[in-house]
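Shown next: coords.pdb, given as PDB, C-alpha atoms.
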ATOM      1  CA  MET A   1     -22.047 -14.592  39.154  1.00  0.00           C
ATOM      2  CA  ARG A   2     -24.355 -12.230  37.357  1.00  0.00           C
ATOM      3  CA  PHE A   3     -22.583  -9.147  38.724  1.00  0.00           C
ATOM      4  CA  ARG A   4     -19.246 -10.501  37.486  1.00  0.00           C
ATOM      5  CA  ASN A   5     -20.603 -10.913  33.931  1.00  0.00           C
ATOM      6  CA  ILE A   6     -21.920  -7.335  33.906  1.00  0.00           C
ATOM      7  CA  LYS A   7     -18.586  -6.033  35.175  1.00  0.00           C
ATOM      8  CA  ASN A   8     -16.640  -7.968  32.497  1.00  0.00           C
ATOM      9  CA  ARG A   9     -18.944  -6.676  29.758  1.00  0.00           C
ATOM     10  CA  GLN A  10     -18.412  -3.099  30.925  1.00  0.00           C
ATOM     11  CA  LYS A  11     -14.636  -3.563  30.810  1.00  0.00           C
ATOM     12  CA  LYS A  12     -14.816  -4.879  27.250  1.00  0.00           C
ATOM     13  CA  GLU A  13     -16.918  -1.909  26.166  1.00  0.00           C
ATOM     14  CA  GLN A  14     -14.529   0.552  27.799  1.00  0.00           C
ATOM     15  CA  THR A  15     -11.372  -0.847  26.234  1.00  0.00           C
ATOM     16  CA  LYS A  16     -11.117  -0.268  22.528  1.00  0.00           C
ATOM     17  CA  GLU A  17     -10.065  -3.395  20.742  1.00  0.00           C
ATOM     18  CA  LYS A  18      -7.892  -3.232  17.665  1.00  0.00           C
ATOM     19  CA  PRO A  19      -9.929  -3.797  14.532  1.00  0.00           C
ATOM     20  CA  ARG A  20      -9.416  -7.203  12.998  1.00  0.00           C
ATOM     21  CA  TYR A  21      -8.106  -7.276   9.470  1.00  0.00           C
ATOM     22  CA  VAL A  22      -7.872  -9.830   6.729  1.00  0.00           C
ATOM     23  CA  TYR A  23      -4.310  -9.410   5.543  1.00  0.00           C
ATOM     24  CA  ALA A  24      -3.830  -9.359   1.787  1.00  0.00           C
ATOM     25  CA  PRO A  25      -1.825 -12.277   0.402  1.00  0.00           C
ATOM     26  CA  TYR A  26       1.579 -11.317  -0.930  1.00  0.00           C
ATOM     27  CA  SER A  27       0.714 -12.777  -4.329  1.00  0.00           C
ATOM     28  CA  HIS A  28      -2.238 -10.360  -4.634  1.00  0.00           C
ATOM     29  CA  ARG A  29       0.050  -7.454  -3.796  1.00  0.00           C
ATOM     30  CA  VAL A  30       2.515  -8.444  -6.522  1.00  0.00           C
ATOM     31  CA  LYS A  31      -0.256  -8.936  -9.094  1.00  0.00           C
ATOM     32  CA  ALA A  32      -1.782  -5.568  -8.173  1.00  0.00           C
ATOM     33  CA  PHE A  33       1.608  -3.902  -8.606  1.00  0.00           C
ATOM     34  CA  ILE A  34       2.070  -5.448 -12.048  1.00  0.00           C
ATOM     35  CA  THR A  35      -1.451  -4.336 -13.026  1.00  0.00           C
ATOM     36  CA  ASP A  36      -0.642  -0.789 -11.889  1.00  0.00           C
ATOM     37  CA  LEU A  37       2.525  -0.806 -13.974  1.00  0.00           C
ATOM     38  CA  PHE A  38       0.490  -1.563 -17.088  1.00  0.00           C
ATOM     39  CA  MET A  39      -2.436   0.737 -16.285  1.00  0.00           C
ATOM     40  CA  ILE A  40      -0.590   3.782 -14.923  1.00  0.00           C
ATOM     41  CA  TYR A  41       3.162   3.633 -15.537  1.00  0.00           C
ATOM     42  CA  ALA A  42       3.174   2.373 -19.144  1.00  0.00           C
ATOM     43  CA  PRO A  43       0.906   5.194 -20.410  1.00  0.00           C
ATOM     44  CA  ILE A  44       3.061   7.740 -18.563  1.00  0.00           C
ATOM     45  CA  LEU A  45       6.186   6.409 -20.251  1.00  0.00           C
ATOM     46  CA  TYR A  46       4.450   6.383 -23.627  1.00  0.00           C
ATOM     47  CA  VAL A  47       3.392  10.035 -23.294  1.00  0.00           C
ATOM     48  CA  ILE A  48       6.851  11.095 -22.112  1.00  0.00           C
ATOM     49  CA  THR A  49       8.619   9.121 -24.852  1.00  0.00           C
ATOM     50  CA  TYR A  50       6.539   9.952 -27.902  1.00  0.00           C
ATOM     51  CA  VAL A  51       4.679  13.163 -27.042  1.00  0.00           C
ATOM     52  CA  ALA A  52       7.110  15.088 -24.848  1.00  0.00           C
ATOM     53  CA  MET A  53      10.468  13.750 -26.064  1.00  0.00           C
ATOM     54  CA  GLY A  54       9.651  13.010 -29.697  1.00  0.00           C
ATOM     55  CA  GLY A  55      10.970   9.458 -29.858  1.00  0.00           C
ATOM     56  CA  LYS A  56      12.746   6.491 -28.363  1.00  0.00           C
ATOM     57  CA  GLU A  57      16.280   7.711 -28.962  1.00  0.00           C
ATOM     58  CA  GLU A  58      15.716  11.008 -27.142  1.00  0.00           C
ATOM     59  CA  PHE A  59      14.124   9.166 -24.208  1.00  0.00           C
ATOM     60  CA  GLN A  60      17.021   6.744 -23.950  1.00  0.00           C
ATOM     61  CA  SER A  61      19.616   9.500 -24.102  1.00  0.00           C
ATOM     62  CA  SER A  62      17.891  11.596 -21.432  1.00  0.00           C
ATOM     63  CA  GLN A  63      18.562  11.068 -17.743  1.00  0.00           C
ATOM     64  CA  LEU A  64      15.691  13.253 -16.632  1.00  0.00           C
ATOM     65  CA  ALA A  65      12.893  11.511 -18.564  1.00  0.00           C
ATOM     66  CA  PRO A  66      12.899   8.179 -16.645  1.00  0.00           C
ATOM     67  CA  PHE A  67      13.085  10.095 -13.362  1.00  0.00           C
ATOM     68  CA  ALA A  68      10.136  12.271 -14.436  1.00  0.00           C
ATOM     69  CA  GLY A  69       8.154   9.132 -15.286  1.00  0.00           C
ATOM     70  CA  VAL A  70       8.791   7.554 -11.899  1.00  0.00           C
ATOM     71  CA  ALA A  71       8.050  10.832 -10.103  1.00  0.00           C
ATOM     72  CA  LEU A  72       4.762  11.306 -11.945  1.00  0.00           C
ATOM     73  CA  TYR A  73       3.815   7.681 -11.249  1.00  0.00           C
ATOM     74  CA  GLY A  74       4.629   8.228  -7.553  1.00  0.00           C
ATOM     75  CA  VAL A  75       2.424  11.317  -7.353  1.00  0.00           C
ATOM     76  CA  ILE A  76      -0.494   9.540  -9.050  1.00  0.00           C
ATOM     77  CA  TYR A  77       0.001   6.471  -6.845  1.00  0.00           C
ATOM     78  CA  ALA A  78       0.114   8.585  -3.669  1.00  0.00           C
ATOM     79  CA  PHE A  79      -2.994  10.530  -4.694  1.00  0.00           C
ATOM     80  CA  LEU A  80      -4.987   7.353  -5.343  1.00  0.00           C
ATOM     81  CA  VAL A  81      -3.842   5.668  -2.134  1.00  0.00           C
ATOM     82  CA  SER A  82      -4.510   8.753  -0.001  1.00  0.00           C
ATOM     83  CA  ARG A  83      -7.889   9.464  -1.576  1.00  0.00           C
ATOM     84  CA  PHE A  84      -9.353   5.980  -2.060  1.00  0.00           C
ATOM     85  CA  GLY A  85      -6.908   3.641  -0.341  1.00  0.00           C
ATOM     86  CA  GLN A  86      -6.569   1.767  -3.623  1.00  0.00           C
ATOM     87  CA  THR A  87      -4.972   1.964  -7.023  1.00  0.00           C
ATOM     88  CA  PRO A  88      -6.624   0.285 -10.032  1.00  0.00           C
ATOM     89  CA  GLY A  89      -4.532  -2.841  -9.467  1.00  0.00           C
ATOM     90  CA  LYS A  90      -5.390  -2.990  -5.785  1.00  0.00           C
ATOM     91  CA  LYS A  91      -9.064  -2.503  -6.630  1.00  0.00           C
ATOM     92  CA  ALA A  92      -8.905  -5.382  -9.128  1.00  0.00           C
ATOM     93  CA  TYR A  93      -7.537  -7.721  -6.451  1.00  0.00           C
ATOM     94  CA  GLU A  94      -9.779  -6.271  -3.705  1.00  0.00           C
ATOM     95  CA  ILE A  95      -7.020  -5.012  -1.425  1.00  0.00           C
ATOM     96  CA  LYS A  96      -6.549  -1.654   0.251  1.00  0.00           C
ATOM     97  CA  VAL A  97      -3.807   0.319   2.028  1.00  0.00           C
ATOM     98  CA  VAL A  98      -4.863   1.516   5.499  1.00  0.00           C
ATOM     99  CA  ASP A  99      -3.337   2.903   8.673  1.00  0.00           C
ATOM    100  CA  ASP A 100      -2.422   0.002  10.952  1.00  0.00           C
ATOM    101  CA  LYS A 101      -3.916   1.564  14.081  1.00  0.00           C
ATOM    102  CA  SER A 102      -7.088   3.321  12.930  1.00  0.00           C
ATOM    103  CA  GLY A 103      -7.911   1.480   9.723  1.00  0.00           C
ATOM    104  CA  GLU A 104      -8.419   4.769   7.864  1.00  0.00           C
ATOM    105  CA  THR A 105      -6.794   5.829   4.609  1.00  0.00           C
ATOM    106  CA  ILE A 106      -3.384   7.453   4.928  1.00  0.00           C
ATOM    107  CA  SER A 107      -2.400  11.027   4.115  1.00  0.00           C
ATOM    108  CA  PHE A 108      -0.852  12.130   0.826  1.00  0.00           C
ATOM    109  CA  LEU A 109       2.581  12.827   2.356  1.00  0.00           C
ATOM    110  CA  ARG A 110       2.580   9.454   4.063  1.00  0.00           C
ATOM    111  CA  ALA A 111       1.644   7.792   0.770  1.00  0.00           C
ATOM    112  CA  ILE A 112       4.541   9.596  -0.960  1.00  0.00           C
ATOM    113  CA  LEU A 113       6.903   8.453   1.798  1.00  0.00           C
ATOM    114  CA  ARG A 114       5.579   4.889   1.436  1.00  0.00           C
ATOM    115  CA  PHE A 115       6.227   5.008  -2.326  1.00  0.00           C
ATOM    116  CA  VAL A 116       9.785   6.334  -1.889  1.00  0.00           C
ATOM    117  CA  LEU A 117      10.491   3.669   0.715  1.00  0.00           C
ATOM    118  CA  PHE A 118       9.050   1.046  -1.634  1.00  0.00           C
ATOM    119  CA  LEU A 119      11.516   2.163  -4.314  1.00  0.00           C
ATOM    120  CA  PHE A 120      14.361   1.821  -1.814  1.00  0.00           C
ATOM    121  CA  THR A 121      13.277  -1.618  -0.579  1.00  0.00           C
ATOM    122  CA  ALA A 122      12.676  -2.840  -4.133  1.00  0.00           C
ATOM    123  CA  ALA A 123      16.105  -1.616  -5.239  1.00  0.00           C
ATOM    124  CA  THR A 124      17.840  -3.382  -2.365  1.00  0.00           C
ATOM    125  CA  LEU A 125      15.484  -6.401  -2.337  1.00  0.00           C
ATOM    126  CA  LEU A 126      15.814  -6.306   1.438  1.00  0.00           C
ATOM    127  CA  GLY A 127      12.304  -5.278   2.377  1.00  0.00           C
ATOM    128  CA  LEU A 128      10.514  -7.395  -0.197  1.00  0.00           C
ATOM    129  CA  PHE A 129      11.333 -10.625   1.637  1.00  0.00           C
ATOM    130  CA  VAL A 130      10.116  -9.391   5.026  1.00  0.00           C
ATOM    131  CA  PRO A 131       6.429 -10.350   4.431  1.00  0.00           C
ATOM    132  CA  PHE A 132       7.398 -14.015   4.116  1.00  0.00           C
ATOM    133  CA  TYR A 133       8.465 -14.003   7.777  1.00  0.00           C
ATOM    134  CA  ARG A 134       5.644 -11.925   9.283  1.00  0.00           C
ATOM    135  CA  ARG A 135       2.146 -12.980  10.155  1.00  0.00           C
ATOM    136  CA  ASP A 136       0.653  -9.600   9.217  1.00  0.00           C
ATOM    137  CA  LYS A 137       2.407  -9.665   5.785  1.00  0.00           C
ATOM    138  CA  LYS A 138       3.970  -6.220   6.244  1.00  0.00           C
ATOM    139  CA  ALA A 139       6.844  -5.273   3.980  1.00  0.00           C
ATOM    140  CA  LEU A 140       9.620  -2.968   5.198  1.00  0.00           C
ATOM    141  CA  HIS A 141       7.956   0.153   3.772  1.00  0.00           C
ATOM    142  CA  ASP A 142       4.722  -0.830   5.581  1.00  0.00           C
ATOM    143  CA  LEU A 143       6.585  -1.242   8.866  1.00  0.00           C
ATOM    144  CA  ILE A 144       8.205   2.173   8.605  1.00  0.00           C
ATOM    145  CA  CYS A 145       5.012   3.979   7.527  1.00  0.00           C
ATOM    146  CA  HIS A 146       2.713   2.058   9.902  1.00  0.00           C
ATOM    147  CA  THR A 147       0.411   0.846   7.139  1.00  0.00           C
ATOM    148  CA  LEU A 148      -1.312  -2.418   6.319  1.00  0.00           C
ATOM    149  CA  VAL A 149      -2.474  -3.904   3.051  1.00  0.00           C
ATOM    150  CA  VAL A 150      -5.759  -5.626   3.812  1.00  0.00           C
ATOM    151  CA  GLY A 151      -8.573  -7.318   1.943  1.00  0.00           C
ATOM    152  CA  VAL A 152     -11.617  -5.178   1.255  1.00  0.00           C
ATOM    153  CA  LYS A 153     -14.781  -6.268   3.028  1.00  0.00           C
ATOM    154  CA  LYS A 154     -17.778  -6.518   0.736  1.00  0.00           C
TER     155      LYS A 154
END
Render the structure in this file as structure tokens.
Amino acid sequence: MRFRNIKNRQKKEQTKEKPRYVYAPYSHRVKAFITDLFMIYAPILYVITYVAMGGKEEFQSSQLAPFAGVALYGVIYAFLVSRFGQTPGKKAYEIKVVDDKSGETISFLRAILRFVLFLFTAATLLGLFVPFYRRDKKALHDLICHTLVVGVKK
């Protein structure tokens, strides 16, 4: 009996178990996104509209200005997620974006890809309903990029 327990313990030590995560609630993800819009995207649009373009009419008539705002927001978002795993909104709601296998922060290019895929899934509304049917609360852009949004352990 004792030998069997030792053997089972050795097997458990040899096999690496997947780290257990506390998945972030979908409501926290939405609130964090809205917070990021106000803290990051709104100032970007303000600077583009009134400093770079000179006013509201020029911004509205330009096709490049809204694209530049979204692109700049995407770069800032990807930098923050790749560097810290969090944006200000995610930090406020104590959630973090991590790799689903290792639990580490993701690379900058992967964060950019995740942002672009988020734009696609948000535009089609297809991928935003996926977390309601999954236990791990992954959206379509998380499935494709192999990422998780988890609660931060204190």
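Taken over the whole file, the PyMOL selection byres ((chain A and resi 75) around 12) covers exactly A:Ile40, A:Tyr41, A:Ile44, A:Ala68, A:Gly69, A:Val70, A:Ala71, A:Leu72, A:Tyr73, A:Gly74, A:Ile76, A:Tyr77, A:Ala78, A:Phe79, A:Leu80, A:Val81, A:Ser82, A:Arg83, A:Thr87, A:Phe108, A:Leu109, A:Arg110, A:Ala111, A:Ile112, A:Leu113, A:Arg114, A:Phe115, A:Val116.
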List the residues matched by the PyMOL selection byres ((chain A and resi 88) around 10) in the displayed structure as a PDB file with C-alpha atoms, in the coordinates of the input, ordered by chain and then by residue number.
ATOM      1  CA  ALA A  32      -1.782  -5.568  -8.173  1.00  0.00           C
ATOM      2  CA  PHE A  33       1.608  -3.902  -8.606  1.00  0.00           C
ATOM      3  CA  THR A  35      -1.451  -4.336 -13.026  1.00  0.00           C
ATOM      4  CA  ASP A  36      -0.642  -0.789 -11.889  1.00  0.00           C
ATOM      5  CA  MET A  39      -2.436   0.737 -16.285  1.00  0.00           C
ATOM      6  CA  ILE A  40      -0.590   3.782 -14.923  1.00  0.00           C
ATOM      7  CA  TYR A  77       0.001   6.471  -6.845  1.00  0.00           C
ATOM      8  CA  LEU A  80      -4.987   7.353  -5.343  1.00  0.00           C
ATOM      9  CA  VAL A  81      -3.842   5.668  -2.134  1.00  0.00           C
ATOM     10  CA  GLN A  86      -6.569   1.767  -3.623  1.00  0.00           C
ATOM     11  CA  THR A  87      -4.972   1.964  -7.023  1.00  0.00           C
ATOM     12  CA  GLY A  89      -4.532  -2.841  -9.467  1.00  0.00           C
ATOM     13  CA  LYS A  90      -5.390  -2.990  -5.785  1.00  0.00           C
ATOM     14  CA  LYS A  91      -9.064  -2.503  -6.630  1.00  0.00           C
ATOM     15  CA  ALA A  92      -8.905  -5.382  -9.128  1.00  0.00           C
ATOM     16  CA  TYR A  93      -7.537  -7.721  -6.451  1.00  0.00           C
ATOM     17  CA  GLU A  94      -9.779  -6.271  -3.705  1.00  0.00           C
TER      18      GLU A  94
END
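With CA of Leu140 in chain A on one side and CA of Phe67 in chain A on the other, the separation reads 23.0 Å.
For the pair CA of Lys153 in chain A and CA of Phe129 in chain A, the interatomic distance is 26.5 Å.
Comparing the minimum interatomic distances between Val149 in chain A and each of A:Ser61, A:Thr49, A:Thr121, A:Thr105, counting only C-alpha atoms, we find that A:Thr105 sits nearest.
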- Selection result of the PyMOL selection byres ((chain A and resi 142) around 12) on this file, as a PyMOL selection string: chain A and resi 97-100+106+110-111+113-118+121+127-128+130-131+134+136-141+143-150
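Distance annotation: of A:Pro43, A:Lys101, A:Ile48, A:Ile95, the residue with the minimal separation from Val30 in chain A is A:Ile95; atom set is all atoms listed in the file.
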- For the atom pair CA of Gly151 in chain A and CA of Ser27 in chain A, what is the interatomic distance in Å to one decimal place? 12.5 Å
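Minimum atom-to-atom distance to Ala52 in chain A, evaluated using all atoms listed in the file, belongs to A:Ala65 out of A:Ser107, A:Lys31, A:Pro25, A:Ala65.
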Box for range 122-138 of chain A - axis-aligned, 5 Å on each of the six sides, all listed atoms - centre and size in Å to one decimal, as JSON.
{"center_x": 9.2, "center_y": -7.8, "center_z": 2.5, "size_x": 27.2, "size_y": 22.4, "size_z": 25.4}
Please complete range 88-116 of chain A so it has N, CA and C atoms, and hand it over as a compact mmCIF listing (two decimals), in the frame of the given file.
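Writing the result to out.txt gives the following:
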# COMPACT_ATOMS: atom_id res chain seq x y z
N PRO A 88 -5.83 1.21 -9.20
CA PRO A 88 -6.62 0.28 -10.03
C PRO A 88 -6.24 -1.19 -9.85
N GLY A 89 -4.96 -1.47 -9.69
CA GLY A 89 -4.53 -2.84 -9.47
C GLY A 89 -5.01 -3.39 -8.13
N LYS A 90 -4.92 -2.57 -7.10
CA LYS A 90 -5.39 -2.99 -5.78
C LYS A 90 -6.91 -3.19 -5.79
N LYS A 91 -7.61 -2.36 -6.52
CA LYS A 91 -9.06 -2.50 -6.63
C LYS A 91 -9.42 -3.80 -7.36
N ALA A 92 -8.65 -4.15 -8.38
CA ALA A 92 -8.90 -5.38 -9.13
C ALA A 92 -8.73 -6.62 -8.25
N TYR A 93 -7.78 -6.58 -7.33
CA TYR A 93 -7.54 -7.72 -6.45
C TYR A 93 -8.15 -7.54 -5.07
N GLU A 94 -9.00 -6.53 -4.92
CA GLU A 94 -9.78 -6.27 -3.70
C GLU A 94 -8.90 -6.15 -2.46
N ILE A 95 -7.86 -5.31 -2.57
CA ILE A 95 -7.02 -5.01 -1.42
C ILE A 95 -6.94 -3.50 -1.26
N LYS A 96 -6.53 -3.07 -0.07
CA LYS A 96 -6.55 -1.65 0.25
C LYS A 96 -5.41 -1.35 1.22
N VAL A 97 -4.85 -0.14 1.12
CA VAL A 97 -3.81 0.32 2.03
C VAL A 97 -4.47 1.16 3.11
N VAL A 98 -4.26 0.79 4.38
CA VAL A 98 -4.86 1.52 5.50
C VAL A 98 -3.82 1.75 6.59
N ASP A 99 -4.14 2.66 7.48
CA ASP A 99 -3.34 2.90 8.67
C ASP A 99 -3.46 1.68 9.58
N ASP A 100 -2.36 1.24 10.17
CA ASP A 100 -2.42 0.00 10.95
C ASP A 100 -3.11 0.16 12.30
N LYS A 101 -3.25 1.37 12.79
CA LYS A 101 -3.92 1.56 14.08
C LYS A 101 -5.40 1.91 13.93
N SER A 102 -5.70 2.85 13.04
CA SER A 102 -7.09 3.32 12.93
C SER A 102 -7.88 2.64 11.83
N GLY A 103 -7.21 2.11 10.84
CA GLY A 103 -7.91 1.48 9.72
C GLY A 103 -8.40 2.46 8.68
N GLU A 104 -8.02 3.72 8.81
CA GLU A 104 -8.42 4.77 7.86
C GLU A 104 -7.39 4.88 6.75
N THR A 105 -7.76 5.59 5.68
CA THR A 105 -6.79 5.83 4.61
C THR A 105 -5.68 6.75 5.12
N ILE A 106 -4.54 6.68 4.47
CA ILE A 106 -3.38 7.45 4.93
C ILE A 106 -3.33 8.80 4.20
N SER A 107 -2.52 9.70 4.71
CA SER A 107 -2.40 11.03 4.12
C SER A 107 -1.55 10.97 2.85
N PHE A 108 -1.60 12.05 2.08
CA PHE A 108 -0.85 12.13 0.83
C PHE A 108 0.66 12.07 1.08
N LEU A 109 1.13 12.82 2.07
CA LEU A 109 2.58 12.83 2.36
C LEU A 109 3.05 11.46 2.84
N ARG A 110 2.23 10.79 3.61
CA ARG A 110 2.58 9.45 4.06
C ARG A 110 2.58 8.46 2.90
N ALA A 111 1.68 8.65 1.95
CA ALA A 111 1.64 7.79 0.77
C ALA A 111 2.88 8.03 -0.10
N ILE A 112 3.30 9.29 -0.22
CA ILE A 112 4.54 9.60 -0.96
C ILE A 112 5.74 8.94 -0.27
N LEU A 113 5.81 9.08 1.05
CA LEU A 113 6.90 8.45 1.80
C LEU A 113 6.88 6.94 1.61
N ARG A 114 5.71 6.33 1.63
CA ARG A 114 5.58 4.89 1.44
C ARG A 114 6.08 4.50 0.04
N PHE A 115 5.76 5.30 -0.97
CA PHE A 115 6.23 5.01 -2.33
C PHE A 115 7.75 5.11 -2.43
N VAL A 116 8.33 6.15 -1.85
CA VAL A 116 9.78 6.33 -1.89
C VAL A 116 10.47 5.18 -1.16
